[in-house]
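Participant: Below is the structure I would like to discuss, written out as structure tokens.
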Amino acid sequence: MSDSFSAASRDIFAKNVLAHVATLGPDGAPQVTPVWVMLDGDDIIINTALGRAKARNLASDARVAVSLTDPDNGYVAIVVRGTVVGFTTEGADDVIDQLAKKYLDVDSYPMRREGEVRVTVRIRPDRISQQP
């Protein structure tokens, strides 16, 4: 069973706040990466490129944690433990463009590298905590 986000949590996700995604490497060691993020219903959507540590980790171990701190109040945070329920390259270029619009106010992601294959990761929350 998954948790749902409160209206206050959704407001933080709507801001230009970087989320920190914690994944588990092959040896079980944690790896944390700041990412752009958006919500689709109660699922967290992130986007990365195939071949990166985050993508490799999420493809092999679906357990993930995500945290965000409200940029307008550093004492308000959301912490999510969840599970990867989607990992696809289909439509991933469109998703990174949507995120670039949100974070950079540009229509197309400007940091693409030649040969890069984007992947969209869908995370379903198992446990949501908001502080305070």
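Labeling convention for the structure tokens: chains A, B, ... as they appear, residues from 1 per chain, ligands from 1 in order of appearance.
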Skip A:Ala53 itself and residues of its chain fewer than 6 positions away, then list as a list in words all residues within 12 Å of it, counting only C-alpha atoms.
Facilitator: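 Within the cut-off, the hits are Val21, Ala22, Thr23, Leu24, Gly25, Pro26, Ala29, Pro30, Gln31, Val32, Thr33, Ala59, Ser60 and Asp61 of chain A.
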Participant: Near A:Ala19, counting only C-alpha atoms, which residues have an atom at most 7 Å away, once you skip same-chain residues fewer than 4 positions from it, shown as a PyMOL selection string?
Facilitator: chain A and resi 34-37+66-68
Participant: Leaving out A:Ser108 and any residue of its chain fewer than 2 positions from it, which residues lie within 8 Å of it when counting only C-alpha atoms, given as a ChimeraX atom specification?
Facilitator: /A:96-98,100-101,106,110
Participant: Give the strand (DSSP E or B) residues of chain A, as assigned by DSSP on the backbone, as a count of residues only.
Facilitator: 55
Participant: Apply DSSP to the backbone of this structure and, from chain A, keep only the residues in alpha helix (DSSP H); write these as JSON, numbers by chain.
Facilitator: {"A": [7, 8, 9, 10, 11, 12, 13, 14, 53, 54, 55, 56, 57, 58, 59, 60, 92, 93, 94, 95, 96, 97, 98, 99, 100, 101, 102, 103, 104]}
Participant: For A:Phe5, work out the shell of residues within 12 Å, counting only C-alpha atoms and skipping chain neighbours fewer than 5 positions away, then give it as a list in words.
Facilitator: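 Contacts, with the query itself left out: Arg10, Asp11, Ile12, Phe13, Leu39, Asp40, Gly41, Asp42, Asp43, Ile44, Ile78, Val79, Val80, Arg124, Pro125, Asp126, Arg127, Ile128, Ser129 and Gln130 of chain A.
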Participant: With distances taken over only C-alpha atoms, which residue among A:Thr69, A:Thr120, A:Asn16, A:Thr48 lies nearest A:Tyr103?
Facilitator: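 Looking at the shortest contact to A:Tyr103, the residue is A:Asn16.
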Participant: Compile the contact shell of A:Ala62 as a list in words: residues with an atom at most 9 Å away, counting only C-alpha atoms, same-chain residues fewer than 6 positions apart removed.
Facilitator: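 Contacts, with the query itself left out: Thr23, Leu24, Gly82, Thr83, Val84, Val85 and Ile123 of chain A.
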Participant: Just N, CA and C atoms for this one: save the residues we selected as a tab-separated table (two decimals), in the first residue's frame.
Facilitator:
```tsv
chain	number	residue	atom	x	y	z
A	23	THR	N	19.95	5.83	-3.95
A	23	THR	CA	19.85	4.50	-4.54
A	23	THR	C	20.86	3.60	-3.85
A	24	LEU	N	20.78	2.31	-4.17
A	24	LEU	CA	21.71	1.34	-3.60
A	24	LEU	C	22.55	0.74	-4.72
A	82	GLY	N	10.38	4.66	-1.36
A	82	GLY	CA	9.52	4.16	-2.40
A	82	GLY	C	10.15	3.05	-3.21
A	83	THR	N	9.42	2.70	-4.27
A	83	THR	CA	9.81	1.60	-5.15
A	83	THR	C	9.70	2.06	-6.59
A	84	VAL	N	10.70	1.73	-7.39
A	84	VAL	CA	10.65	2.02	-8.82
A	84	VAL	C	9.61	1.09	-9.44
A	85	VAL	N	8.60	1.70	-10.09
A	85	VAL	CA	7.55	0.91	-10.75
A	85	VAL	C	7.55	1.13	-12.26
A	123	ILE	N	8.57	6.47	-9.59
A	123	ILE	CA	8.75	5.98	-8.22
A	123	ILE	C	7.41	6.04	-7.49
```
Participant: For A:Arg118, which residue among A:Ala92, A:Ala77, A:Ala14, A:Ile45 is the nearest when counting only C-alpha atoms?
Facilitator: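 Using only C-alpha atoms, A:Arg118 sits closest to A:Ala92.
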